[in-house]
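**Q** If it helps, the file is called protein_24.cif and holds mmCIF, C-alpha atoms:
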```cif
data_protein
loop_
_atom_site.label_atom_id
_atom_site.label_comp_id
_atom_site.auth_asym_id
_atom_site.auth_seq_id
_atom_site.Cartn_x
_atom_site.Cartn_y
_atom_site.Cartn_z
CA MET M 20 -9.32 12.86 39.55
CA PRO M 21 -10.96 13.03 36.09
CA GLY M 22 -7.74 14.44 34.70
CA SER M 23 -5.65 11.62 36.11
CA ILE M 24 -8.11 9.02 34.77
CA ARG M 25 -7.96 10.63 31.35
CA GLU M 26 -4.17 10.65 31.44
CA ARG M 27 -4.08 6.96 32.39
CA VAL M 28 -6.51 6.10 29.58
CA MET M 29 -4.47 8.06 27.05
CA SER M 30 -1.21 6.50 28.24
CA ARG M 31 -2.71 3.02 27.92
CA GLY M 32 -4.00 3.86 24.44
CA GLU M 33 -0.58 5.16 23.41
CA ALA M 34 1.07 2.04 24.82
CA ARG M 35 -1.30 -0.18 22.83
CA SER M 36 -0.65 1.89 19.71
CA ARG M 37 3.10 1.59 20.11
CA GLY M 38 2.78 -2.14 20.77
CA ALA M 39 0.69 -2.62 17.63
CA MET M 40 3.18 -0.52 15.69
CA ARG M 41 6.10 -2.70 16.84
CA VAL M 42 4.22 -5.90 15.99
CA GLY M 43 3.32 -4.58 12.54
CA ALA M 44 6.87 -3.39 11.86
CA ALA M 45 8.32 -6.74 12.99
CA LEU M 46 5.93 -8.68 10.74
CA ILE M 47 6.71 -6.48 7.75
CA ALA M 48 10.45 -6.82 8.32
CA LEU M 49 10.11 -10.60 8.65
CA LEU M 50 8.01 -10.89 5.48
CA ALA M 51 10.38 -8.64 3.54
CA LEU M 52 13.35 -10.74 4.73
CA PHE M 53 11.62 -13.93 3.63
CA ALA M 54 10.72 -12.37 0.27
CA VAL M 55 14.35 -11.43 -0.39
CA ALA M 56 16.30 -14.31 1.14
CA GLY M 57 13.72 -17.12 1.32
CA PRO M 58 14.08 -18.42 -2.25
CA TRP M 59 17.80 -19.07 -1.65
CA PHE M 60 16.93 -21.92 0.70
CA SER M 61 15.00 -23.81 -1.96
CA PRO M 62 16.71 -25.99 -4.57
CA TYR M 63 14.17 -24.84 -7.16
CA SER M 64 14.14 -21.62 -9.15
CA TYR M 65 11.19 -19.41 -9.88
CA ARG M 66 10.43 -20.96 -13.28
CA ALA M 67 11.71 -24.50 -12.68
CA LEU M 68 9.29 -27.28 -13.71
CA ASP M 69 9.33 -30.55 -11.80
CA TRP M 70 7.45 -32.93 -14.08
CA ARG M 71 7.75 -35.78 -11.57
CA HIS M 72 5.74 -33.89 -8.94
CA LEU M 73 2.67 -32.17 -10.40
CA ALA M 74 0.13 -30.60 -8.02
CA VAL M 75 1.76 -32.16 -4.95
CA PRO M 76 0.28 -31.09 -1.57
CA PRO M 77 2.52 -29.49 1.05
CA GLY M 78 4.73 -31.78 3.10
CA LEU M 79 4.54 -34.87 0.91
CA ILE M 80 7.79 -34.11 -0.91
CA ALA M 81 10.64 -32.89 1.30
CA SER M 82 12.04 -30.47 -1.29
CA HIS M 83 8.62 -28.90 -2.02
CA TRP M 84 7.72 -27.55 1.42
CA LEU M 85 4.46 -25.86 0.35
CA GLY M 86 3.65 -28.17 -2.54
CA THR M 87 3.62 -27.56 -6.28
CA ASP M 88 1.16 -26.29 -8.87
CA ALA M 89 -0.22 -28.14 -11.90
CA LEU M 90 3.00 -27.47 -13.83
CA GLY M 91 5.28 -28.70 -11.06
CA ARG M 92 6.46 -25.24 -10.03
CA ASP M 93 7.43 -24.86 -6.38
CA LEU M 94 4.73 -22.91 -4.52
CA TYR M 95 7.10 -21.81 -1.75
CA VAL M 96 9.41 -20.01 -4.19
CA ARG M 97 6.59 -18.59 -6.29
CA THR M 98 4.77 -17.25 -3.23
CA LEU M 99 7.90 -15.49 -1.99
CA TYR M 100 8.53 -14.00 -5.43
CA GLY M 101 4.89 -12.93 -5.53
CA LEU M 102 5.26 -11.35 -2.10
CA ARG M 103 8.35 -9.51 -3.31
CA LEU M 104 6.57 -8.16 -6.38
CA SER M 105 3.50 -7.14 -4.36
CA LEU M 106 5.71 -5.25 -1.89
CA VAL M 107 7.55 -3.47 -4.70
CA ILE M 108 4.34 -2.52 -6.51
CA GLY M 109 2.67 -1.44 -3.27
CA GLY M 110 5.66 0.69 -2.26
CA LEU M 111 6.12 2.35 -5.66
CA ALA M 112 2.39 2.98 -6.14
CA SER M 113 2.20 4.47 -2.64
CA ALA M 114 5.16 6.75 -3.41
CA VAL M 115 3.44 7.93 -6.61
CA SER M 116 0.17 8.49 -4.75
CA VAL M 117 1.90 10.42 -1.95
CA LEU M 118 3.74 12.63 -4.44
CA ILE M 119 0.56 13.47 -6.37
CA GLY M 120 -1.67 13.76 -3.30
CA VAL M 121 0.69 16.00 -1.34
CA SER M 122 1.37 18.30 -4.31
CA TRP M 123 -2.31 18.56 -5.26
CA GLY M 124 -3.54 19.03 -1.69
CA MET M 125 -0.94 21.64 -0.73
CA LEU M 126 -1.48 23.68 -3.89
CA ALA M 127 -5.26 23.59 -3.48
CA GLY M 128 -5.14 24.51 0.21
CA TRP M 129 -2.60 27.28 -0.30
CA ALA M 130 -4.27 28.82 -3.35
CA GLY M 131 -7.81 28.81 -1.94
CA GLY M 132 -10.74 30.46 -3.68
CA ARG M 133 -11.71 29.35 -7.17
CA ILE M 134 -8.50 27.44 -7.77
CA ASP M 135 -9.11 25.39 -4.64
CA ALA M 136 -12.74 24.76 -5.63
CA TRP M 137 -11.76 23.70 -9.16
CA MET M 138 -8.99 21.38 -7.99
CA MET M 139 -11.22 19.68 -5.45
CA ARG M 140 -13.98 19.21 -8.04
CA VAL M 141 -11.45 17.26 -10.09
CA VAL M 142 -10.93 15.03 -7.04
CA ASP M 143 -14.70 14.59 -6.71
CA VAL M 144 -15.02 13.61 -10.38
CA LEU M 145 -12.25 11.02 -10.05
CA TYR M 146 -13.93 9.67 -6.91
CA ALA M 147 -17.17 9.26 -8.87
CA LEU M 148 -15.58 7.36 -11.76
CA PRO M 149 -15.64 3.56 -11.43
CA TYR M 150 -12.17 2.27 -10.64
CA LEU M 151 -12.31 -0.47 -13.27
CA PHE M 152 -13.29 2.10 -15.88
CA ILE M 153 -10.03 4.01 -15.28
CA VAL M 154 -8.03 0.78 -15.40
CA LEU M 155 -9.62 -0.35 -18.66
CA ILE M 156 -8.93 3.03 -20.28
CA LEU M 157 -5.26 2.96 -19.26
CA THR M 158 -4.95 -0.67 -20.34
CA ALA M 159 -6.43 0.10 -23.75
CA MET M 160 -4.14 3.12 -24.19
CA LEU M 161 -0.83 1.74 -22.90
CA GLY M 162 -1.14 -2.02 -23.22
CA ARG M 163 -2.04 -4.89 -20.96
CA GLY M 164 0.41 -6.59 -18.62
CA ASN M 165 2.75 -3.59 -18.39
CA LEU M 166 3.91 -2.84 -14.83
CA THR M 167 3.98 0.88 -15.66
CA VAL M 168 0.31 0.69 -16.62
CA LEU M 169 -0.43 -1.16 -13.41
CA LEU M 170 1.32 1.50 -11.31
CA LEU M 171 -0.51 4.30 -13.14
CA ALA M 172 -3.84 2.53 -12.72
CA ILE M 173 -3.31 2.04 -9.01
CA GLY M 174 -1.89 5.51 -8.46
CA ALA M 175 -4.75 7.12 -10.41
CA VAL M 176 -7.09 6.83 -7.43
CA GLY M 177 -4.77 6.16 -4.51
CA TRP M 178 -3.93 9.83 -3.95
CA LEU M 179 -7.46 11.21 -3.68
CA THR M 180 -8.05 10.76 0.06
CA LEU M 181 -4.53 11.95 0.88
CA ALA M 182 -5.08 15.10 -1.21
CA ARG M 183 -8.16 15.96 0.85
CA VAL M 184 -6.31 15.39 4.12
CA VAL M 185 -3.33 17.50 3.02
CA ARG M 186 -5.61 20.28 1.76
CA ALA M 187 -7.42 20.49 5.09
CA GLN M 188 -4.13 20.58 7.00
CA THR M 189 -2.72 23.26 4.66
CA LEU M 190 -5.82 25.43 5.08
CA SER M 191 -5.32 25.24 8.84
CA LEU M 192 -1.58 25.85 8.76
CA LYS M 193 -1.59 28.86 6.44
CA ARG M 194 -3.49 30.88 9.06
CA ARG M 195 -0.89 30.22 11.75
CA GLU M 196 1.40 32.94 13.07
CA PHE M 197 4.65 31.39 11.86
CA ILE M 198 3.32 31.36 8.28
CA GLU M 199 2.48 35.06 8.57
CA ALA M 200 6.00 35.67 9.90
CA ALA M 201 7.46 33.75 6.95
CA ARG M 202 5.45 35.92 4.54
CA ALA M 203 6.66 39.05 6.28
CA THR M 204 10.27 37.99 5.75
CA GLY M 205 9.65 37.93 1.99
CA LEU M 206 9.71 34.18 1.38
CA SER M 207 8.00 33.01 -1.80
CA PRO M 208 4.97 30.68 -1.61
CA ARG M 209 7.11 27.80 -2.86
CA GLN M 210 9.66 28.38 -0.11
CA ILE M 211 6.95 28.61 2.55
CA LEU M 212 5.33 25.40 1.38
CA TRP M 213 8.66 23.56 1.28
CA ARG M 214 10.23 24.92 4.48
CA HIS M 215 7.23 25.43 6.77
CA VAL M 216 4.06 23.69 5.57
CA LEU M 217 5.51 20.37 4.44
CA PRO M 218 7.55 19.71 7.63
CA ASN M 219 4.41 20.28 9.70
CA LEU M 220 2.61 17.68 7.60
CA ALA M 221 5.32 15.07 8.14
CA GLY M 222 3.54 13.18 10.93
CA THR M 223 0.28 12.97 9.01
CA LEU M 224 2.09 11.93 5.83
CA VAL M 225 4.04 9.15 7.55
CA ALA M 226 0.87 7.67 9.05
CA TYR M 227 -1.28 7.89 5.93
CA SER M 228 1.54 6.77 3.64
CA THR M 229 1.91 3.61 5.69
CA LEU M 230 -1.82 2.99 5.41
CA LEU M 231 -1.64 3.56 1.65
CA VAL M 232 0.68 0.59 1.09
CA PRO M 233 -1.88 -2.11 2.01
CA GLN M 234 -4.48 -0.27 -0.03
CA MET M 235 -2.19 -0.35 -3.07
CA ILE M 236 -1.45 -4.05 -2.48
CA VAL M 237 -5.17 -4.78 -2.36
CA TYR M 238 -5.70 -2.85 -5.61
CA GLU M 239 -2.91 -4.77 -7.31
CA SER M 240 -4.20 -8.10 -6.00
CA PHE M 241 -7.71 -7.26 -7.16
CA LEU M 242 -6.54 -6.35 -10.67
CA SER M 243 -4.32 -9.42 -10.90
CA PHE M 244 -7.21 -11.57 -9.69
CA LEU M 245 -9.32 -10.20 -12.56
CA GLY M 246 -6.50 -10.83 -15.05
CA LEU M 247 -5.78 -7.11 -15.54
CA GLY M 248 -2.60 -6.94 -13.49
CA VAL M 249 0.58 -8.98 -13.43
CA GLU M 250 0.77 -11.55 -16.21
CA PRO M 251 2.85 -14.73 -16.57
CA PRO M 252 5.66 -15.50 -16.22
CA ARG M 253 5.61 -12.93 -13.41
CA ALA M 254 3.45 -13.66 -10.39
CA SER M 255 2.12 -11.53 -7.56
CA LEU M 256 0.04 -12.60 -4.60
CA GLY M 257 -3.09 -11.57 -6.50
CA SER M 258 -2.25 -13.60 -9.60
CA LEU M 259 -1.34 -16.61 -7.43
CA ILE M 260 -4.69 -16.34 -5.65
CA ASN M 261 -6.41 -16.10 -9.03
CA ALA M 262 -4.64 -19.25 -10.25
CA GLY M 263 -5.39 -21.03 -6.98
CA ALA M 264 -9.08 -20.13 -7.08
CA ARG M 265 -9.43 -22.00 -10.37
CA GLN M 266 -8.17 -25.19 -8.72
CA MET M 267 -9.70 -24.64 -5.30
CA LEU M 268 -11.48 -27.99 -5.21
CA THR M 269 -8.65 -30.16 -6.49
CA ALA M 270 -5.63 -28.30 -5.04
CA PRO M 271 -6.78 -25.98 -2.20
CA TRP M 272 -3.22 -25.25 -1.03
CA LEU M 273 -2.63 -23.22 -4.20
CA LEU M 274 -5.23 -20.75 -2.92
CA LEU M 275 -4.64 -20.97 0.83
CA VAL M 276 -0.88 -20.34 0.85
CA PRO M 277 -0.81 -17.00 -1.03
CA ALA M 278 -4.10 -15.93 0.60
CA VAL M 279 -2.70 -16.43 4.10
CA VAL M 280 0.48 -14.53 3.19
CA LEU M 281 -1.61 -11.66 1.78
CA VAL M 282 -3.79 -11.50 4.91
CA VAL M 283 -0.74 -11.42 7.21
CA LEU M 284 0.89 -8.73 5.06
CA LEU M 285 -2.21 -6.52 5.09
CA LEU M 286 -2.65 -7.04 8.83
CA ALA M 287 0.96 -6.02 9.47
CA PHE M 288 0.72 -2.82 7.44
CA ASN M 289 -2.60 -1.86 9.03
CA LEU M 290 -1.19 -2.43 12.53
CA LEU M 291 1.82 -0.25 11.68
CA GLY M 292 -0.28 2.44 10.02
CA ASP M 293 -2.87 2.61 12.80
CA GLY M 294 -0.14 2.76 15.41
CA LEU M 295 1.67 5.57 13.62
CA ARG M 296 -1.57 7.49 13.15
CA ASP M 297 -2.38 7.27 16.85
CA VAL M 298 1.15 8.31 17.83
CA PHE M 299 1.29 11.30 15.47
CA ASP M 300 -2.37 12.26 15.94
CA PRO M 301 -3.42 11.33 19.49
CA SER M 302 -6.47 13.61 19.30
CA GLY M 303 -7.97 11.26 16.69
CA ARG M 304 -7.84 8.44 19.23
#
```
Any chance you could put this one into structure tokens?
**A**
Amino acid sequence: MPGSIRERVMSRGEARSRGAMRVGAALIALLALFAVAGPWFSPYSYRALDWRHLAVPPGLIASHWLGTDALGRDLYVRTLYGLRLSLVIGGLASAVSVLIGVSWGMLAGWAGGRIDAWMMRVVDVLYALPYLFIVLILTAMLGRGNLTVLLLAIGAVGWLTLARVVRAQTLSLKRREFIEAARATGLSPRQILWRHVLPNLAGTLVAYSTLLVPQMIVYESFLSFLGLGVEPPRASLGSLINAGARQMLTAPWLLLVPAVVLVVLLLAFNLLGDGLRDVFDPSGR
């Protein structure tokens, strides 16, 4: 009886996880479709200025569905372009973080001993450094407003947690029998890591990589909100929220529209990531 109850509970939990995963994936696909194709349905371009309609609320002018800003730029088009840029930055920064985190974690876990201790102390030091301190250093060295600088700044701390997770998994895997068999066949450490360790980390990497994307988007939005990220004429969701916050009392739609889009985007990625994590790692649930 207890076993059957446990099985029913686990099956319900897995069903909820898969449902959340489908909802998150559908929302992400819908937002990505809007970001790519949505601007085509508007008669206004990204930089077009409509001097006849300055700071118009949503719905008052038929052609400006979500209103305009103080310069007469269409908020619908700018929000979709900001969504597109945030998705691109989040995806690229997550890819950089996954590449660094997986490489660092696997090497540390496989090497062990002093090398492992030294590599993980580097992770601890980076964890201890204030995030803004790293961003300011990179900005001073490479220039402000550069997307490459922004990606480096975001990726500089995004890989730390993943490196710890990968290291722990590698330490566990390298004691398994199939790794010993691979050593006995004469495979080099690089071949073992690539052919045997990495494939066994695939489930964990998929789940945590999906959860990294909203984290990267939040970092980018935070930096853009502070004026350290995307600069005009480009716009991301963070920079749009920053511009809207300055006019919150006189034109609240400039803040609400990109903020709602950002919240829905983060919710979708977290639903997808949590669902994938539960599917690939049911013991964690």
**Q** Do you have, as a Markdown table, the list of residues of range 169-288 of chain M lying at most 8 Å from range 139-162 of chain M, each with its nearest atom pair and that distance in Å to one decimal, counting all atoms listed in the file and ordered by chain then number?
**A**
```
| residue | atom | partner | partner_atom | distance |
| --- | --- | --- | --- | --- |
| M:Leu171 | CA | M:Leu157 | CA | 7.9 |
| M:Ala172 | CA | M:Val154 | CA | 5.3 |
| M:Ala175 | CA | M:Ile153 | CA | 7.8 |
| M:Val176 | CA | M:Leu145 | CA | 7.1 |
| M:Leu179 | CA | M:Val142 | CA | 6.2 |
| M:Arg183 | CA | M:Met139 | CA | 7.9 |
```
**Q** Within 7 Å of Leu291 in chain M, counting only C-alpha atoms, which residues qualify if same-chain residues fewer than 2 places away don't, as a PDB file with C-alpha atoms, in the coordinates of the input?
**A**
```pdb
ATOM      1  CA  ALA M  39       0.690  -2.620  17.630  1.00  0.00           C
ATOM      2  CA  MET M  40       3.180  -0.520  15.690  1.00  0.00           C
ATOM      3  CA  GLY M  43       3.320  -4.580  12.540  1.00  0.00           C
ATOM      4  CA  ALA M  44       6.870  -3.390  11.860  1.00  0.00           C
ATOM      5  CA  ALA M 287       0.960  -6.020   9.470  1.00  0.00           C
ATOM      6  CA  PHE M 288       0.720  -2.820   7.440  1.00  0.00           C
ATOM      7  CA  ASN M 289      -2.600  -1.860   9.030  1.00  0.00           C
ATOM      8  CA  ASP M 293      -2.870   2.610  12.800  1.00  0.00           C
ATOM      9  CA  GLY M 294      -0.140   2.760  15.410  1.00  0.00           C
ATOM     10  CA  LEU M 295       1.670   5.570  13.620  1.00  0.00           C
TER      11      LEU M 295
END
```
**Q** Step by step, work through what the PyMOL selection byres ((chain M and resi 61) around 9) selects in the shown file, and finish by giving those residues as a list of chain:residue names.
**A**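 Output of the PyMOL selection byres ((chain M and resi 61) around 9): M:Gly57, M:Pro58, M:Trp59, M:Phe60, M:Pro62, M:Tyr63, M:Ser64, M:Ser82, M:His83, M:Trp84, M:Asp93, M:Tyr95, M:Val96.
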**Q** To verify the selection step, state as a PyMOL selection string which residues the PyMOL selection byres ((chain M and resi 211) around 12) yields on this input.
**A** chain M and resi 125-126+129+189+192-193+197-210+212-219
**Q** How many Å lie between CA of Leu50 in chain M and CA of Leu281 in chain M, rounded to one decimal?
**A**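 Between CA of Leu50 in chain M and CA of Leu281 in chain M the gap works out to 10.3 Å.
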**Q** Can you list, as a list of chain:residue names, every protein, DNA or RNA residue that comes within 12 Å of Ala74 in chain M when you count all atoms listed in the file, leaving out same-chain residues fewer than 3 positions away?
**A**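 With the cut-off at 12 Å, the set is M:Leu68, M:Asp69, M:Trp70, M:Arg71, M:Pro77, M:Leu79, M:Ile80, M:His83, M:Leu85, M:Gly86, M:Thr87, M:Asp88, M:Ala89, M:Leu90, M:Gly91, M:Arg92, M:Asp93, M:Leu94, M:Gly263, M:Gln266, M:Met267, M:Thr269, M:Ala270, M:Pro271, M:Trp272, M:Leu273.
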**Q** For the atom pair CA of Ser228 in chain M and CA of Leu46 in chain M, what is the interatomic distance in Å to one decimal place?
**A** 17.6 Å
**Q** May I have the residues within 8 Å of Gly110 in chain M as a VMD selection string, using all atoms listed in the file and disregarding those fewer than 3 positions away in the same chain?
**A** chain M and resid 106 to 107 113 to 114 232 235
**Q** Here is a test: counting all atoms listed in the file, which residue of M:Ser243, M:Leu111, M:Ser258, M:His72 is nearest to Thr167 in chain M?
**A**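 Distance minimum relative to Thr167 in chain M lands on M:Leu111.
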**Q** Check which residues satisfy the PyMOL selection byres ((chain M and resi 248) around 7) in the file shown, then give them as a PyMOL selection string.
**A** chain M and resi 164+169+239+242-243+246-247+249-250
**Q** Do you have the CA of Leu284 in chain M-CA of Ala54 in chain M distance handy?
**A**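 Computing it gives 11.5 Å between the two atoms.
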**Q** So that I can see what lies close to Ala226 in chain M, please list as a list in words the residues with an atom at most 8 Å from it, counting only C-alpha atoms and leaving out residues fewer than 4 positions away in the same chain.
**A**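 Returned residues: Gly222, Leu230, Gly292, Asp293, Leu295, Arg296 and Phe299 of chain M.
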